[in-house]
Structure formats: C-alpha cells, structure tokens
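Raw contents of target17.txt, compact mmCIF, C-alpha atoms:
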# COMPACT_ATOMS: atom_id res chain seq x y z
CA MET X 1 22.60 19.23 16.73
CA THR X 2 24.12 15.89 17.61
CA ALA X 3 24.98 13.20 15.09
CA SER X 4 22.19 10.98 16.41
CA ALA X 5 19.65 13.78 16.09
CA SER X 6 20.80 14.45 12.55
CA CYS X 7 20.37 10.74 11.67
CA TYR X 8 16.93 10.80 13.28
CA HIS X 9 15.83 13.69 11.09
CA PHE X 10 17.10 11.79 8.06
CA ILE X 11 15.07 8.67 8.97
CA CYS X 12 11.96 10.72 9.71
CA LEU X 13 12.30 12.46 6.39
CA LEU X 14 12.58 9.19 4.51
CA LEU X 15 9.40 7.86 6.13
CA ALA X 16 7.48 11.08 5.64
CA LEU X 17 8.42 11.31 1.98
CA ALA X 18 7.45 7.72 1.37
CA ILE X 19 4.03 8.36 2.91
CA ALA X 20 3.63 11.62 1.02
CA SER X 21 4.44 10.01 -2.31
CA THR X 22 1.18 8.07 -2.33
CA TYR X 23 -0.78 11.33 -2.29
CA ALA X 24 1.22 13.15 -4.94
CA GLN X 25 -0.37 14.71 -7.98
CA GLU X 26 1.04 12.98 -11.02
CA GLN X 27 3.57 14.85 -13.15
CA PRO X 28 4.94 12.38 -15.72
CA ILE X 29 8.62 12.75 -16.55
CA ASP X 30 8.73 12.79 -20.36
CA ASP X 31 11.96 14.63 -21.01
CA PRO X 32 15.36 13.60 -19.60
CA ILE X 33 16.46 17.25 -19.67
CA ILE X 34 16.10 19.06 -16.34
CA GLU X 35 13.35 21.61 -16.75
CA ASP X 36 13.15 24.98 -15.08
CA ASN X 37 9.38 24.87 -14.33
CA GLY X 38 9.37 28.53 -13.36
CA LEU X 39 12.20 28.52 -10.83
CA SER X 40 14.10 31.20 -12.77
CA ASN X 41 11.21 33.61 -12.17
CA LEU X 42 12.42 33.98 -8.59
CA ASN X 43 15.71 35.53 -9.76
CA LEU X 44 17.70 33.67 -7.12
CA SER X 45 21.39 32.97 -7.65
CA PRO X 46 23.12 29.74 -6.66
CA CYS X 47 24.68 29.90 -3.19
CA ALA X 48 28.35 30.83 -3.34
CA ALA X 49 29.41 28.63 -0.41
CA THR X 50 28.64 25.17 0.97
CA SER X 51 25.81 24.48 3.36
CA TYR X 52 28.17 24.10 6.31
CA GLU X 53 30.21 27.19 5.42
CA ILE X 54 27.04 29.26 5.31
CA SER X 55 25.96 27.86 8.68
CA GLN X 56 29.09 29.41 10.20
CA TYR X 57 28.31 32.97 9.05
CA GLY X 58 28.34 35.44 11.90
CA ALA X 59 26.43 38.64 12.52
CA ASP X 60 28.68 40.69 10.23
CA THR X 61 28.17 38.56 7.12
CA PRO X 62 25.20 39.51 4.93
CA LEU X 63 23.60 36.84 2.77
CA SER X 64 20.99 37.23 0.07
CA ALA X 65 18.55 34.40 -0.52
CA CYS X 66 20.09 31.76 -2.78
CA ILE X 67 19.47 28.29 -4.20
CA LEU X 68 21.63 25.70 -2.45
CA TYR X 69 20.30 22.53 -4.09
CA ASP X 70 18.02 21.85 -7.02
CA LEU X 71 17.89 18.08 -7.25
CA ASN X 72 15.81 17.48 -10.36
CA PRO X 73 16.64 13.99 -11.61
CA PRO X 74 15.78 13.08 -15.20
CA ASN X 75 14.28 9.76 -16.11
CA ASP X 76 16.88 7.94 -18.19
CA ASP X 77 15.52 4.42 -17.70
CA ASP X 78 14.65 2.32 -20.75
CA ASP X 79 12.03 0.13 -19.06
CA ASP X 80 8.97 0.43 -21.30
CA ASP X 81 6.74 -1.29 -18.73
CA ALA X 82 7.46 1.25 -16.00
CA SER X 83 5.84 4.63 -15.47
CA PHE X 84 7.45 7.52 -13.66
CA THR X 85 6.08 10.42 -11.65
CA GLU X 86 7.89 13.47 -10.32
CA VAL X 87 7.02 14.96 -6.93
CA GLY X 88 8.33 18.45 -6.27
CA LEU X 89 9.36 19.60 -2.80
CA VAL X 90 10.67 22.92 -1.52
CA GLN X 91 12.59 23.69 1.65
CA VAL X 92 13.60 27.11 2.93
CA THR X 93 16.06 27.36 5.82
CA PRO X 94 18.01 30.12 7.57
CA SER X 95 21.80 30.08 7.36
CA ILE X 96 22.34 28.17 10.61
CA CYS X 97 20.29 25.06 9.77
CA HIS X 98 22.70 22.92 7.76
CA ASN X 99 21.67 19.62 9.36
CA HIS X 100 18.04 19.94 8.33
CA ARG X 101 18.73 20.86 4.71
CA ASP X 102 21.64 18.44 4.28
CA GLY X 103 19.56 15.62 5.74
CA ALA X 104 16.90 16.40 3.16
CA ASN X 105 19.51 16.36 0.39
CA THR X 106 20.79 12.96 1.56
CA ALA X 107 17.26 11.54 1.84
CA ILE X 108 16.21 12.69 -1.63
CA SER X 109 19.39 11.37 -3.21
CA LYS X 110 18.87 8.01 -1.52
CA LEU X 111 15.23 7.70 -2.60
CA ASN X 112 15.90 8.74 -6.18
CA ASN X 113 18.64 6.12 -6.48
CA ASP X 114 16.49 3.26 -5.19
CA ASN X 115 15.68 0.39 -7.57
CA ASN X 116 18.78 0.93 -9.68
CA GLY X 117 18.05 4.60 -10.15
CA LYS X 118 14.36 4.26 -10.97
CA GLY X 119 13.25 5.85 -7.69
CA VAL X 120 10.63 4.73 -5.16
CA ALA X 121 8.35 1.92 -6.35
CA ILE X 122 4.67 2.28 -5.46
CA GLY X 123 1.48 0.45 -6.36
CA PHE X 124 0.48 -3.20 -6.42
CA SER X 125 2.59 -4.22 -9.41
CA GLY X 126 5.61 -2.17 -8.40
CA THR X 127 6.09 -0.78 -11.90
CA THR X 128 5.25 2.81 -11.02
CA TYR X 129 8.14 4.84 -9.71
CA ILE X 130 8.42 8.21 -8.02
CA LYS X 131 11.37 10.55 -8.12
CA PHE X 132 11.61 13.68 -6.03
CA ARG X 133 12.72 17.11 -7.08
CA LEU X 134 14.12 19.05 -4.12
CA ILE X 135 14.49 22.81 -4.29
CA SER X 136 16.52 23.88 -1.25
CA ILE X 137 16.77 27.62 -0.66
CA ILE X 138 18.67 29.45 2.05
CA GLY X 139 16.56 32.48 2.89
CA GLY X 140 19.34 34.55 4.44
CA ASN X 141 21.62 34.92 7.42
CA ASN X 142 19.35 35.29 10.43
CA ASN X 143 22.41 36.11 12.54
CA ASN X 144 22.85 39.20 10.38
CA ILE X 145 19.30 40.47 9.87
CA GLY X 146 17.62 39.05 12.99
CA ASN X 147 14.96 36.37 13.33
CA ASP X 148 11.98 38.67 12.81
CA ALA X 149 13.27 40.05 9.52
CA TYR X 150 14.27 36.58 8.41
CA SER X 151 10.77 35.24 9.10
CA VAL X 152 9.32 37.72 6.60
CA VAL X 153 11.79 36.67 3.90
CA HIS X 154 11.18 32.98 4.60
CA GLU X 155 7.44 33.27 4.01
CA GLN X 156 7.88 35.49 0.95
CA ILE X 157 10.15 32.94 -0.73
CA LEU X 158 7.80 30.03 -0.08
CA ASP X 159 4.88 32.06 -1.37
CA GLU X 160 6.76 32.96 -4.57
CA ILE X 161 7.74 29.32 -5.12
CA PHE X 162 4.12 28.21 -5.21
CA GLN X 163 3.18 31.11 -7.44
CA ASN X 164 5.92 30.37 -9.97
CA VAL X 165 7.00 26.71 -9.86
CA ASP X 166 4.16 24.51 -11.03
CA ASN X 167 5.34 21.06 -9.95
CA VAL X 168 6.03 21.66 -6.25
CA HIS X 169 3.56 19.75 -4.07
CA PHE X 170 5.06 19.65 -0.58
CA ILE X 171 7.05 21.81 1.85
CA LEU X 172 9.91 20.15 3.70
CA GLY X 173 9.92 21.67 7.16
CA SER X 174 12.60 24.06 8.30
CA CYS X 175 14.50 23.87 11.58
CA SER X 176 12.79 24.66 14.87
CA SER X 177 13.43 28.41 14.92
CA SER X 178 11.78 28.84 11.49
CA ALA X 179 9.31 25.95 11.38
CA GLU X 180 6.44 28.24 12.31
CA ASN X 181 7.01 30.24 9.11
CA ASP X 182 6.12 27.21 6.98
CA LYS X 183 2.59 27.02 8.37
CA PRO X 184 0.85 30.09 6.86
CA ILE X 185 2.12 29.33 3.36
CA ALA X 186 1.03 25.70 3.65
CA LEU X 187 -2.44 26.95 4.54
CA LYS X 188 -2.52 29.64 1.86
CA HIS X 189 -1.61 27.24 -0.96
CA ALA X 190 -3.18 24.08 0.53
CA LYS X 191 0.17 22.26 0.52
CA ILE X 192 1.26 19.74 3.15
CA VAL X 193 4.31 20.71 5.18
CA LEU X 194 6.40 17.74 6.37
CA SER X 195 7.64 19.26 9.61
CA GLN X 196 10.84 18.25 11.41
CA VAL X 197 10.00 19.45 14.91
CA GLY X 198 8.74 17.52 17.92
CA PRO X 199 6.45 19.59 20.18
CA PRO X 200 2.88 18.22 20.20
CA GLY X 201 1.63 21.79 20.42
CA PHE X 202 3.08 22.52 16.99
CA TYR X 203 0.54 20.17 15.41
CA MET X 204 -2.55 20.89 17.51
CA ASP X 205 -4.25 23.63 15.47
CA VAL X 206 -5.81 21.16 13.03
CA ALA X 207 -9.14 22.99 12.84
CA ASN X 208 -7.47 26.11 11.43
CA ASN X 209 -4.59 24.52 9.53
CA PRO X 210 -4.93 20.85 8.51
CA TYR X 211 -1.79 20.88 6.35
CA VAL X 212 0.86 20.45 9.08
CA PHE X 213 2.22 16.90 9.27
CA GLY X 214 5.11 15.30 11.15
CA ILE X 215 6.33 12.06 12.75
CA HIS X 216 9.00 13.46 15.08
CA VAL X 217 9.26 11.97 18.57
CA ASN X 218 7.57 14.06 21.27
CA SER X 219 10.29 16.56 22.25
CA ASP X 220 8.46 17.57 25.44
CA THR X 221 9.83 14.38 26.97
CA TYR X 222 13.49 15.23 26.30
CA PRO X 223 14.35 16.71 29.74
CA LEU X 224 12.41 14.21 31.84
CA PRO X 225 15.07 11.45 32.10
CA ALA X 226 17.58 13.97 33.48
CA LEU X 227 15.13 15.02 36.19
CA LYS X 228 14.38 11.39 36.99
CA ALA X 229 18.10 10.61 37.33
CA LEU X 230 18.54 13.59 39.65
CA GLN X 231 15.60 12.43 41.74
CA PHE X 232 17.07 8.91 42.02
CA ARG X 233 20.35 10.40 43.22
CA LEU X 234 18.62 12.48 45.88
CA ASP X 235 16.58 9.47 47.01
CA ALA X 236 19.76 7.41 47.36
CA MET X 237 21.30 10.14 49.51
CA GLY X 238 18.17 10.55 51.58
CA GLU X 239 17.76 14.18 50.57
CA SER X 240 14.60 16.08 49.68
CA THR X 241 14.05 17.55 46.23
CA LYS X 242 13.08 20.86 47.83
CA ASN X 243 16.74 21.41 48.71
CA GLN X 244 17.89 20.83 45.10
CA PRO X 245 17.94 23.94 42.90
CA VAL X 246 16.85 23.50 39.28
CA ARG X 247 17.47 26.48 37.00
CA VAL X 248 15.93 26.51 33.53
CA VAL X 249 16.92 29.16 30.98
CA TYR X 250 14.51 29.17 28.05
CA ARG X 251 13.35 31.29 25.16
CA ASP X 252 10.02 31.69 23.40
CA ARG X 253 11.38 32.14 19.87
CA SER X 254 10.36 28.65 18.82
CA GLU X 255 7.76 26.14 19.96
CA PHE X 256 10.50 23.55 20.40
CA PHE X 257 12.68 25.49 22.83
CA LYS X 258 9.76 26.89 24.78
CA SER X 259 7.72 23.71 25.17
CA THR X 260 10.72 21.51 25.97
CA CYS X 261 11.84 23.81 28.75
CA VAL X 262 8.32 24.40 30.05
CA SER X 263 7.97 20.62 30.27
CA ALA X 264 11.07 20.52 32.48
CA ILE X 265 9.82 23.41 34.61
CA ASP X 266 6.41 21.80 35.14
CA ALA X 267 7.80 18.36 35.94
CA ALA X 268 10.42 19.71 38.34
CA THR X 269 7.81 21.84 40.10
CA VAL X 270 5.49 18.85 40.57
CA GLN X 271 8.38 16.81 41.98
CA GLY X 272 9.11 19.50 44.55
CA PHE X 273 12.43 20.85 43.25
CA ASP X 274 13.52 24.41 43.97
CA VAL X 275 12.71 25.73 40.49
CA THR X 276 13.70 29.04 38.93
CA ALA X 277 12.66 29.75 35.32
CA ILE X 278 14.62 32.38 33.40
CA GLU X 279 13.30 33.57 30.05
CA PHE X 280 15.92 34.69 27.54
CA ASN X 281 15.03 36.64 24.42
CA PRO X 282 17.93 36.37 21.94
CA ASP X 283 16.47 39.20 19.87
CA GLY X 284 16.14 41.54 22.84
CA GLU X 285 18.68 44.20 23.77
CA GLU X 286 19.71 44.39 27.41
CA THR X 287 22.46 46.68 26.16
CA PRO X 288 20.97 49.18 23.65
CA GLY X 289 22.11 48.40 20.12
CA VAL X 290 23.57 44.99 20.99
CA PRO X 291 21.26 41.95 20.52
CA ASN X 292 21.34 39.51 23.43
CA SER X 293 22.32 36.73 21.01
CA GLN X 294 25.69 38.44 20.62
Translate this file's structure into structure tokens.
Amino acid sequence: MTASASCYHFICLLLALAIASTYAQEQPIDDPIIEDNGLSNLNLSPCAATSYEISQYGADTPLSACILYDLNPPNDDDDDDASFTEVGLVQVTPSICHNHRDGANTAISKLNNDNNGKGVAIGFSGTTYIKFRLISIIGGNNNNIGNDAYSVVHEQILDEIFQNVDNVHFILGSCSSSAENDKPIALKHAKIVLSQVGPPGFYMDVANNPYVFGIHVNSDTYPLPALKALQFRLDAMGESTKNQPVRVVYRDRSEFFKSTCVSAIDAATVQGFDVTAIEFNPDGEETPGVPNSQ
C-alpha cells in the first residue's frame, strides 16, 4: 500500500461517511459517559499491540480476535440549540490491513472534531450534528490461520456485533482480501457496507445484495497505462507487440487482485502482446505442508 493509496482511502472514507450520515437512524447522545451498548457481550479483549505491529505478525504468531479501537465520543457541548446524533460503525480487518483500519480511525477522528468538536453538521439550519462511533476489531492473524479460516472468523464477528451492539448502523469495508466477507453479513442484517475496493464486479450483484456501496476509482484500469507506455516504446522502435512478452502472475483470492490482472491480460491480448497468464494460489501447497504464501 503506497502513501498515495492510503490517502485515497482516507478521502473516500470521509466522503462515504458524510453521505451515509444523512441516512442514519437517530440515536440521541444524552449521556456524556461512553456507553457499552452490548459490546462487552462479545468477550473480546483490547489488542495488546499497535495496528502496525500487528500487521507485521508472521505465520508463527497466533492472534485472537481483539478490539483495536472503540472511538465512542461523548457529547460535552453546551449549545442548547443544537441536537446530536450518534452513528455507529464497525470494521473487521485481518492482521495485515493496517492502512485500511488506521485510515478509518483518522477519518472518524477528523469528522468528530469538526465544528469545534460538535461533529458533522447536517440539515438546512446546520444545528444538527452527527458523531461517529467506530468499533475496529482485528479478527485474527490470517498469516497464521490461513485466509479460509480467517474468513469464517471475520463473518462470525460481524454477525455477533449486529446481534449484540444496538447502535451500529454501517459496516466499514475491510481490505481487498477480506472485503467479500462483509457482504453476507450486510445482507443478513440489512446494513450498508461502505466498501474500500475498486473492482466494478464487486458491486454488480445488486439484485441479490443491494447493501454494498463504494466510491473507489475503477481498479480494473490500474495496469492499462503501463501497457500503453510499453506500446508507445515499441512503436517508437518500430517493433511489433507480438515480439514483446508480457507475463502476468495473479491470484483469485480477492476480486481486486483477480480483476485487475485479468484486465491487464485481456488488454495485452487485444493489443497483440505475447501474453502468458500464471495463476498463483497463496493458500495452495506445491510442497506438502508448506503454504505457497511462505
């Protein structure tokens, strides 16, 4: 994840949350004390390390699900003419995805501190304010238990959140390798998931799941400028694309990685390049007992 991509996710999240706030169910903030609202029913401990430290865990480091952030800002404003509403959000990420969860943390902190700490102003008169509660949970170390086992835990945690925490209205999308696991729980509980992934195909199944929302740039276009630059170079040298090898190693473990690479394969094939596509399964075992990812 590059710095620019991380900033992009942050900006997307700000915009998505601002849009989502207008559809929130109202939960007035009457008490300045942070309330539990059922979160303790999950029996999850606080994470014992920072987001980045956890992202560096290798295959030999087990990690139980834990609460990384619970940003639940009280209303301590004395403005009698203003009204306040709390919107609850939950995000579950695997150990490796520090950029996605830290971007969410930064976005929520920024929004809640707008208007001198009143939060986001909405409505015609601008005297209604929204503050966001963010529950950020790390579901486990997918490097340790594998992506398939992690996917089960991810969905179980989200399901338990909506069964136990009564003021959570939205899911903040996970990173690309786990984004698919947000979908079934969004459908089950009729909650919108604000996804942070770019493939158009991720959002196409509207008829069966209308709760998936996102404003990410189309990631299928990512590899196309590189192919265009290579084609310009060949044209300048008077060489044919058929003599230029293009090798694409891809995996099908996430819509993002698969669709982005398939886009490159398709475009290169149409342009006449010598294309070889190589599928890599990080969870497979070319050597028995040793996952390919290691």
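The smallest atom-to-atom distance between Asp159 (chain X) and any of X:Ala226, X:Ile122, X:Ile54, X:Val90, using all atoms listed in the file, is found for X:Val90.
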Check: At what distance in Å, to one decimal, does CA of His189 (chain X) lie from CA of Phe162 (chain X)?
Finding: 7.2 Å
Item checked: Nearest to Asn144 (chain X), chosen from X:Asp252, X:Asp166, X:Asp274, X:Asp60, with all atoms listed in the file counted in the distances -> X:Asp60
Item checked: Who sits within 9 Å of Cys97 (chain X), all atoms listed in the file, same chain under 2 positions skipped, as a PyMOL selection string -> chain X and resi 51-52+55+93-95+99-102+174-175
Next item on the list: Write out as a PyMOL selection string which residues come within 12 Å of Leu39 (chain X) when counting all atoms listed in the file, dropping same-chain ones fewer than 2 positions away.
Entry: chain X and resi 34-37+41-46+66-67+70+72+88+90+134-137+157-158+160-168
Check: What separation in Å, quoted to one decimal, exists between CA of Ile171 (chain X) and CA of Met204 (chain X)?
Finding: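 Straight-line distance from CA of Ile171 (chain X) to CA of Met204 (chain X) works out to 18.4 Å.
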Margin query: Just the number, please: distance in Å from CA of Val193 (chain X) to CA of Tyr69 (chain X), one decimal.
Written below: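 We find that CA of Val193 (chain X) and CA of Tyr69 (chain X) lie 18.6 Å from each other.
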Margin query: Calculated over all atoms listed in the file, which of the candidates X:Val92, X:Val212, X:Val249, X:Leu230 has the smallest distance to Glu155 (chain X)?
Written below: X:Val92
